[in-house]
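Shown below: entry-v7.cif, with mmCIF, C-alpha atoms and all ligand atoms.
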```cif
data_protein
loop_
_atom_site.label_atom_id
_atom_site.label_comp_id
_atom_site.auth_asym_id
_atom_site.auth_seq_id
_atom_site.Cartn_x
_atom_site.Cartn_y
_atom_site.Cartn_z
CA MET A 21 111.42 106.89 59.89
CA HIS A 22 109.41 106.33 63.07
CA ASP A 23 109.87 109.36 65.38
CA TYR A 24 110.60 107.24 68.47
CA LYS A 25 111.22 110.12 70.90
CA ASN A 26 107.91 111.73 70.11
CA ALA A 27 105.92 108.52 69.99
CA PRO A 28 103.18 108.35 72.64
CA LEU A 29 103.24 106.31 75.83
CA GLY A 30 100.67 103.50 75.85
CA ILE A 31 98.81 102.80 79.09
CA PHE A 32 96.14 100.26 79.87
CA ASP A 33 94.04 99.35 82.87
CA SER A 34 90.91 97.32 83.53
CA GLY A 35 88.92 100.56 83.59
CA VAL A 36 89.05 103.96 85.14
CA GLY A 37 91.58 103.21 87.93
CA GLY A 38 94.65 103.64 85.74
CA LEU A 39 93.85 107.32 85.59
CA THR A 40 95.74 107.56 88.91
CA VAL A 41 98.79 106.71 86.78
CA VAL A 42 97.74 109.21 84.09
CA LYS A 43 97.47 111.87 86.80
CA GLU A 44 101.12 111.27 87.70
CA ILE A 45 102.10 111.46 84.02
CA LEU A 46 100.33 114.80 83.67
CA ASN A 47 102.10 116.08 86.80
CA ARG A 48 105.58 114.77 86.19
CA LEU A 49 105.84 114.14 82.45
CA PRO A 50 103.63 116.87 81.02
CA CYS A 51 105.52 116.89 77.71
CA GLU A 52 104.60 113.32 76.74
CA SER A 53 101.71 112.31 74.50
CA PHE A 54 99.84 109.19 75.51
CA VAL A 55 97.12 106.77 74.53
CA TYR A 56 95.06 105.23 77.35
CA LEU A 57 92.88 102.15 77.12
CA GLY A 58 90.40 101.35 79.91
CA ASP A 59 88.97 97.87 79.41
CA THR A 60 85.66 98.87 81.00
CA GLY A 61 83.76 96.17 79.10
CA ARG A 62 85.64 93.44 80.99
CA TYR A 63 86.22 95.27 84.28
CA PRO A 64 86.91 94.22 87.03
CA TYR A 65 90.08 92.16 86.65
CA GLY A 66 90.63 91.78 90.42
CA PRO A 67 88.40 88.72 91.02
CA ARG A 68 89.27 86.96 87.72
CA SER A 69 91.68 84.10 87.05
CA ALA A 70 95.26 84.84 86.05
CA ASP A 71 94.74 83.09 82.69
CA ILE A 72 91.92 85.33 81.57
CA VAL A 73 93.68 88.50 82.80
CA ARG A 74 96.73 87.49 80.73
CA LYS A 75 94.54 87.11 77.64
CA PHE A 76 92.89 90.50 78.17
CA ALA A 77 96.26 92.15 78.82
CA LEU A 78 97.67 90.83 75.55
CA GLN A 79 94.68 92.08 73.56
CA ASN A 80 94.93 95.49 75.23
CA ALA A 81 98.66 95.67 74.53
CA ARG A 82 98.16 94.76 70.87
CA PHE A 83 95.59 97.49 70.47
CA LEU A 84 98.00 100.07 71.91
CA MET A 85 100.88 98.80 69.76
CA GLY A 86 98.88 100.03 66.77
CA PHE A 87 99.72 103.61 67.83
CA GLY A 88 103.48 103.09 67.55
CA ILE A 89 103.91 103.62 71.31
CA LYS A 90 107.43 103.89 72.77
CA VAL A 91 106.75 102.31 76.18
CA LEU A 92 103.87 100.09 77.32
CA ILE A 93 102.68 100.91 80.83
CA VAL A 94 100.54 98.38 82.64
CA ALA A 95 98.75 100.60 85.15
CA CYS A 96 96.58 97.81 86.55
CA ASN A 97 98.14 96.03 89.53
CA THR A 98 96.21 92.84 88.85
CA ALA A 99 97.44 92.68 85.23
CA SER A 100 100.97 93.73 86.27
CA SER A 101 100.94 90.86 88.80
CA VAL A 102 100.18 88.09 86.34
CA ALA A 103 100.71 89.22 82.74
CA LEU A 104 104.11 90.89 82.35
CA ASP A 105 106.01 87.71 81.40
CA GLU A 106 103.38 86.83 78.82
CA LEU A 107 103.39 90.36 77.37
CA ARG A 108 107.18 90.29 77.09
CA LYS A 109 106.98 87.09 75.04
CA TRP A 110 105.01 88.88 72.32
CA ILE A 111 105.90 92.52 72.55
CA SER A 112 109.38 93.83 71.96
CA ILE A 113 109.11 97.43 73.21
CA PRO A 114 109.89 98.26 76.88
CA ILE A 115 107.06 97.26 79.24
CA MET A 116 106.66 98.69 82.74
CA GLY A 117 104.25 97.49 85.40
CA VAL A 118 103.51 98.87 88.85
CA ILE A 119 104.72 95.97 91.01
CA GLU A 120 108.51 96.25 90.82
CA PRO A 121 108.68 100.04 91.23
CA GLY A 122 106.33 99.82 94.24
CA ALA A 123 108.33 96.94 95.71
CA ARG A 124 111.65 98.79 95.29
CA GLU A 125 110.30 101.85 97.05
CA ALA A 126 108.84 99.78 99.87
CA VAL A 127 112.21 98.08 100.44
CA LYS A 128 113.88 101.52 100.60
CA SER A 129 111.25 102.75 103.03
CA THR A 130 111.12 99.96 105.61
CA GLU A 131 113.31 100.16 108.69
CA ASN A 132 111.97 97.22 110.66
CA GLY A 133 111.73 94.88 107.63
CA ARG A 134 107.94 94.44 107.88
CA ILE A 135 105.85 95.54 104.90
CA GLY A 136 102.10 95.32 104.33
CA ILE A 137 100.61 95.05 100.83
CA ILE A 138 96.98 95.73 99.99
CA GLY A 139 95.40 94.99 96.60
CA THR A 140 92.74 93.02 94.76
CA VAL A 141 92.19 89.30 95.35
CA GLY A 142 94.14 88.62 92.11
CA THR A 143 97.12 90.75 93.11
CA ILE A 144 97.34 89.39 96.65
CA SER A 145 96.90 85.74 95.67
CA SER A 146 99.56 86.07 92.94
CA LYS A 147 102.11 87.07 95.65
CA SER A 148 103.65 89.38 93.04
CA TYR A 149 104.73 92.03 95.55
CA GLN A 150 106.07 89.42 97.97
CA ASN A 151 108.15 87.85 95.19
CA ALA A 152 109.45 91.21 93.96
CA ILE A 153 110.40 92.26 97.51
CA SER A 154 112.10 89.01 98.43
CA ALA A 155 114.07 89.11 95.16
CA ILE A 156 115.60 92.35 96.45
CA GLU A 157 115.79 91.55 100.16
CA PRO A 158 114.81 88.01 101.21
CA ALA A 159 114.85 88.82 104.93
CA ILE A 160 111.91 91.21 104.72
CA ASP A 161 108.55 89.95 106.01
CA VAL A 162 105.64 90.79 103.71
CA PHE A 163 101.99 90.61 104.75
CA GLY A 164 99.32 90.77 102.05
CA LYS A 165 95.65 91.60 102.48
CA ALA A 166 93.02 91.74 99.73
CA CYS A 167 90.66 94.71 100.16
CA PRO A 168 88.08 94.22 97.39
CA LEU A 169 85.48 96.66 98.75
CA PHE A 170 87.87 99.60 98.36
CA VAL A 171 87.39 99.49 94.57
CA PRO A 172 83.61 100.17 94.48
CA LEU A 173 83.96 102.70 97.31
CA ALA A 174 86.48 104.67 95.24
CA GLU A 175 84.31 104.47 92.11
CA GLU A 176 81.26 105.67 94.04
CA GLY A 177 83.29 108.59 95.37
CA TRP A 178 82.69 107.32 98.90
CA LEU A 179 86.11 108.31 100.18
CA ASP A 180 85.60 109.62 103.72
CA GLY A 181 83.30 109.07 106.67
CA GLU A 182 81.86 106.24 108.69
CA ILE A 183 81.40 103.53 106.02
CA PRO A 184 84.85 103.78 104.35
CA GLU A 185 86.48 103.93 107.80
CA LEU A 186 84.60 100.85 108.95
CA VAL A 187 85.66 98.97 105.82
CA ALA A 188 89.25 100.14 106.25
CA HIS A 189 89.30 98.91 109.87
CA PHE A 190 87.86 95.59 108.78
CA TYR A 191 90.72 95.05 106.34
CA LEU A 192 93.63 96.84 107.97
CA ASP A 193 93.38 96.05 111.69
CA GLU A 194 94.83 92.62 110.98
CA LEU A 195 97.84 94.17 109.20
CA LEU A 196 98.39 96.62 112.05
CA GLN A 197 98.89 93.70 114.40
CA LYS A 198 101.84 92.60 112.27
CA ASP A 199 103.82 95.68 113.31
CA ILE A 200 104.39 96.86 109.72
CA ASP A 201 106.15 100.20 109.20
CA THR A 202 105.36 100.48 105.45
CA LEU A 203 102.13 99.87 103.54
CA VAL A 204 101.96 99.57 99.73
CA LEU A 205 98.78 100.72 97.99
CA GLY A 206 98.85 97.89 95.43
CA CYS A 207 95.75 98.83 93.47
CA THR A 208 94.92 101.67 91.09
CA HIS A 209 91.93 102.78 93.17
CA TYR A 210 93.47 102.96 96.62
CA PRO A 211 95.22 106.35 96.32
CA LEU A 212 91.75 107.89 96.34
CA LEU A 213 91.17 106.40 99.77
CA LYS A 214 94.56 107.45 101.12
CA ARG A 215 93.10 109.92 103.65
CA THR A 216 90.88 107.27 105.20
CA ILE A 217 93.59 104.61 105.08
CA THR A 218 96.08 106.95 106.78
CA LYS A 219 93.51 107.85 109.43
CA VAL A 220 92.97 104.17 110.23
CA ILE A 221 96.63 103.09 110.25
CA GLY A 222 97.94 106.24 111.98
CA GLY A 223 100.64 108.64 110.81
CA LYS A 224 103.67 106.47 111.63
CA ILE A 225 103.31 103.87 108.89
CA ARG A 226 104.71 105.04 105.55
CA VAL A 227 102.31 104.69 102.63
CA ILE A 228 103.74 103.82 99.20
CA ASP A 229 101.71 104.66 96.11
CA SER A 230 102.97 102.36 93.36
CA ALA A 231 101.59 104.64 90.60
CA LYS A 232 103.95 107.36 91.84
CA SER A 233 106.89 104.92 92.10
CA LEU A 234 106.24 103.76 88.53
CA ILE A 235 106.18 107.25 87.06
CA GLY A 236 109.39 108.15 88.95
CA GLU A 237 111.12 105.18 87.30
CA LEU A 238 109.56 105.93 83.88
CA LYS A 239 110.83 109.50 84.02
CA LYS A 240 114.33 108.30 84.82
CA TYR A 241 114.18 105.70 82.05
CA LEU A 242 113.08 108.21 79.38
CA THR A 243 115.82 110.61 80.45
CA ASP A 244 118.56 107.95 80.61
CA GLU A 245 117.60 106.59 77.20
CA LYS A 246 117.32 110.13 75.79
CA ILE A 247 113.81 109.47 74.53
CA THR A 248 111.87 112.26 76.25
CA SER A 249 109.57 113.96 73.81
CA ASN A 250 110.51 117.38 72.42
CA ASN A 251 107.39 117.92 70.37
CA ASP A 252 104.97 120.80 71.01
CA ASP A 253 102.19 118.96 69.28
CA LEU A 254 101.10 116.89 72.29
CA TYR A 255 97.99 114.77 72.44
CA ALA A 256 96.11 112.45 74.81
CA ARG A 257 93.58 109.91 73.61
CA PHE A 258 91.28 107.84 75.82
CA PHE A 259 89.68 104.61 74.63
CA VAL A 260 87.24 102.32 76.46
CA THR A 261 85.59 99.01 75.63
CA ASP A 262 82.20 99.99 77.14
CA ALA A 263 80.21 102.83 78.71
CA PRO A 264 82.24 105.92 77.75
CA GLN A 265 79.94 108.26 79.67
CA ARG A 266 80.43 106.40 82.92
CA PHE A 267 84.19 106.45 82.31
CA SER A 268 84.06 110.18 81.74
CA ARG A 269 81.97 110.84 84.88
CA ILE A 270 84.02 108.69 87.27
CA GLY A 271 87.30 109.42 85.49
CA THR A 272 86.89 113.14 86.06
CA LYS A 273 86.96 112.42 89.82
CA PHE A 274 90.04 110.21 89.52
CA LEU A 275 91.91 112.69 87.36
CA GLU A 276 90.56 115.85 89.04
CA LYS A 277 90.32 117.19 85.51
CA LYS A 278 87.50 117.16 82.96
CA LEU A 279 87.69 114.27 80.54
CA GLU A 280 86.38 115.39 77.21
CA LYS A 281 86.46 112.90 74.38
CA ILE A 282 86.28 109.17 75.16
CA GLU A 283 86.41 106.81 72.18
CA LEU A 284 84.58 103.48 72.25
CA ILE A 285 86.30 100.48 70.67
CA GLN A 286 85.74 96.76 70.32
CA ILE A 287 88.64 94.65 71.42
CA GLU A 288 87.61 90.95 71.24
CA LEU A 289 89.29 89.71 68.09
N1 LIG A 301 92.84 98.11 88.24
C1 LIG A 301 92.70 97.06 89.22
C2 LIG A 301 94.03 96.92 89.97
O1 LIG A 301 94.82 97.84 90.09
C3 LIG A 301 91.56 97.33 90.18
C4 LIG A 301 90.19 97.20 89.56
C5 LIG A 301 89.88 95.83 89.01
O2 LIG A 301 89.64 94.90 89.82
O3 LIG A 301 89.88 95.68 87.81
O4 LIG A 301 94.32 95.86 90.46
#
```

Take the structure in this file and express it as structure tokens.
Ligand code: DGL
Amino acid sequence: MHDYKNAPLGIFDSGVGGLTVVKEILNRLPCESFVYLGDTGRYPYGPRSADIVRKFALQNARFLMGFGIKVLIVACNTASSVALDELRKWISIPIMGVIEPGAREAVKSTENGRIGIIGTVGTISSKSYQNAISAIEPAIDVFGKACPLFVPLAEEGWLDGEIPELVAHFYLDELLQKDIDTLVLGCTHYPLLKRTITKVIGGKIRVIDSAKSLIGELKKYLTDEKITSNNDDLYARFFVTDAPQRFSRIGTKFLEKKLEKIELIQIEL
């Protein structure tokens, strides 16, 4: 019989960014095994059309299903924005994305009913966060802003100083004029830039990290369903679709932990 409790979690992202979700798993669910797929060969997803992101997401999910995973976690905000309905048509295990947990936490956080969302072009143009927030509380005003340059800055490790601050002002000044009291980091890479973002927006605006919101909800789900792992024989496997060494180098910065073995796979069927 399939040992469901001790089955691994399956996580995918367009590349290295989803390691911000893995970091939360290691912190808050250290007794879970997991299999991670970074689709580095087709990264980035942010500027691509929703149709192609849906196709990639389904291929990634099918690959992870081969490991008998107990929950599928879509760490990528862009894929979570456009592909969850499609994934649910084909895959019968529980699927969790980052949008709804982030939206729920933002709704709890706001006092003046004005929330800012930052993410990739794909995430912002999908209006996924807006839709999720207005499904909970239609009276809340949501202001989205795509911040595409944050992704390469995070990957280059360019997290503080004049250039990141200038870029942050360029994107965020407009949101500040909207009198928001809550800002959602709607992209895997943005938590790395949190110091700079907070410096630019000031200490009064609450910053929501949707990776953290997701793992909070996942932990509750595993506990409620009584499917937390009780196995000592834990494992973590990392797969990529291109350039494992680059993944390992940049991933070590994202995870703040050395990434040892990265396995290269081919995913186009
Ligand atoms: N992982 C993507 C996201 O969270 C950012 C990188 C990309 O564009 O693929 O939206």

For ligand LIG 301 (chain A), collect every residue having any atom at a distance of at most 9 Å from a ligand atom (counting all atoms listed in the file); output as number ranges by chain. A: 33-38, 59-60, 62-68, 95-101, 118, 139-143, 168, 171-172, 206-210

Ile138 of chain A proximity check over A:Glu185, A:Glu120, A:Glu194, A:Asp105, using only C-alpha atoms: winner is A:Glu194

Students should find that atom CA of Ile156 of chain A and atom CA of Arg124 of chain A are spaced 7.6 Å

Compile the contact shell of segment 212-228 of chain A as a PyMOL selection string: residues with an atom at most 9 Å away, counting only C-alpha atoms, same-chain residues fewer than 3 positions apart removed. chain A and resi 40+122-123+125-126+129-130+170+173-174+177-181+184-185+188-189+192-193+196+200-206+208-209+231-233+274

Would you kindly return, as a count of residues only, each protein, DNA or RNA residue with an atom no farther than 12 Å from any atom of Thr272 of chain A, considering all atoms listed in the file and excluding same-chain residues fewer than 3 positions away? 22

Around the point (111.8, 93.5, 107.5) (coordinates from the file), which residues reach within 10 Å if we count all atoms listed in the file? Answer as a PyMOL selection string. chain A and resi 127+130-135+157-162+200-202

Proximity to Met85 of chain A - best of A:Gly30, A:Tyr24, A:Arg108, A:Gly61, only C-alpha atoms: A:Gly30

Which residues are close to Val55 of chain A, i.e. within 8 Å by only C-alpha atoms, leaving aside same-chain residues fewer than 3 positions away? Reply as a count of residues only. 10

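What separates atom CA of Phe32 of chain A from atom CA of Ile72 of chain A is a distance of 15.6 Å.
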
Between atom CA of Gly164 of chain A and atom CA of Gly136 of chain A, what is the spacing in Å?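 For atom CA of Gly136 of chain A relative to atom CA of Gly164 of chain A, the distance reads 5.8 Å.
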
Would you mind telling me which residue in A:Ala70, A:Leu195, A:Val260, A:Ala155 lies nearest to Leu104 of chain A when using all atoms listed in the file?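 Of all the options, A:Ala70 lies closest to Leu104 of chain A.
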
Would you mind listing what lies within 9 Å of Leu238 of chain A as a list of chain:residue names, with only C-alpha atoms counted and same-chain residues fewer than 4 positions away left out? A:Val91, A:Met116, A:Ser233, A:Leu234, A:Leu242, A:Thr243

For a cut-off of 12 Å around (104.9, 96.3, 68.0), file coordinates, pick out all residues using only C-alpha atoms and list them as an mmCIF file with C-alpha atoms, in the coordinates of the input.
```cif
data_model
loop_
_atom_site.group_PDB
_atom_site.id
_atom_site.type_symbol
_atom_site.label_atom_id
_atom_site.label_comp_id
_atom_site.auth_asym_id
_atom_site.auth_seq_id
_atom_site.Cartn_x
_atom_site.Cartn_y
_atom_site.Cartn_z
ATOM 1 C CA GLY A 30 100.670 103.500 75.850
ATOM 2 C CA LEU A 78 97.670 90.830 75.550
ATOM 3 C CA ALA A 81 98.660 95.670 74.530
ATOM 4 C CA ARG A 82 98.160 94.760 70.870
ATOM 5 C CA PHE A 83 95.590 97.490 70.470
ATOM 6 C CA LEU A 84 98.000 100.070 71.910
ATOM 7 C CA MET A 85 100.880 98.800 69.760
ATOM 8 C CA GLY A 86 98.880 100.030 66.770
ATOM 9 C CA PHE A 87 99.720 103.610 67.830
ATOM 10 C CA GLY A 88 103.480 103.090 67.550
ATOM 11 C CA ILE A 89 103.910 103.620 71.310
ATOM 12 C CA LYS A 90 107.430 103.890 72.770
ATOM 13 C CA VAL A 91 106.750 102.310 76.180
ATOM 14 C CA LEU A 92 103.870 100.090 77.320
ATOM 15 C CA LEU A 107 103.390 90.360 77.370
ATOM 16 C CA ARG A 108 107.180 90.290 77.090
ATOM 17 C CA LYS A 109 106.980 87.090 75.040
ATOM 18 C CA TRP A 110 105.010 88.880 72.320
ATOM 19 C CA ILE A 111 105.900 92.520 72.550
ATOM 20 C CA SER A 112 109.380 93.830 71.960
ATOM 21 C CA ILE A 113 109.110 97.430 73.210
ATOM 22 C CA PRO A 114 109.890 98.260 76.880
ATOM 23 C CA ILE A 115 107.060 97.260 79.240
#
```

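Proximity of A:Ile137, A:Ile144, A:Ile247, A:Ala166 to Val102 of chain A, computed with all atoms listed in the file, is greatest for A:Ile144.
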
Pick out the closest residue to Val94 of chain A from this set: A:Ser146, A:Gln197, A:Ser230, A:Asn47. Count all atoms listed in the file.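 Distance minimum relative to Val94 of chain A lands on A:Ser230.
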
Between A:Leu284, A:Ala263, A:Val187, A:Ala152, which is the closest to Cys167 of chain A once you count all atoms listed in the file? A:Val187
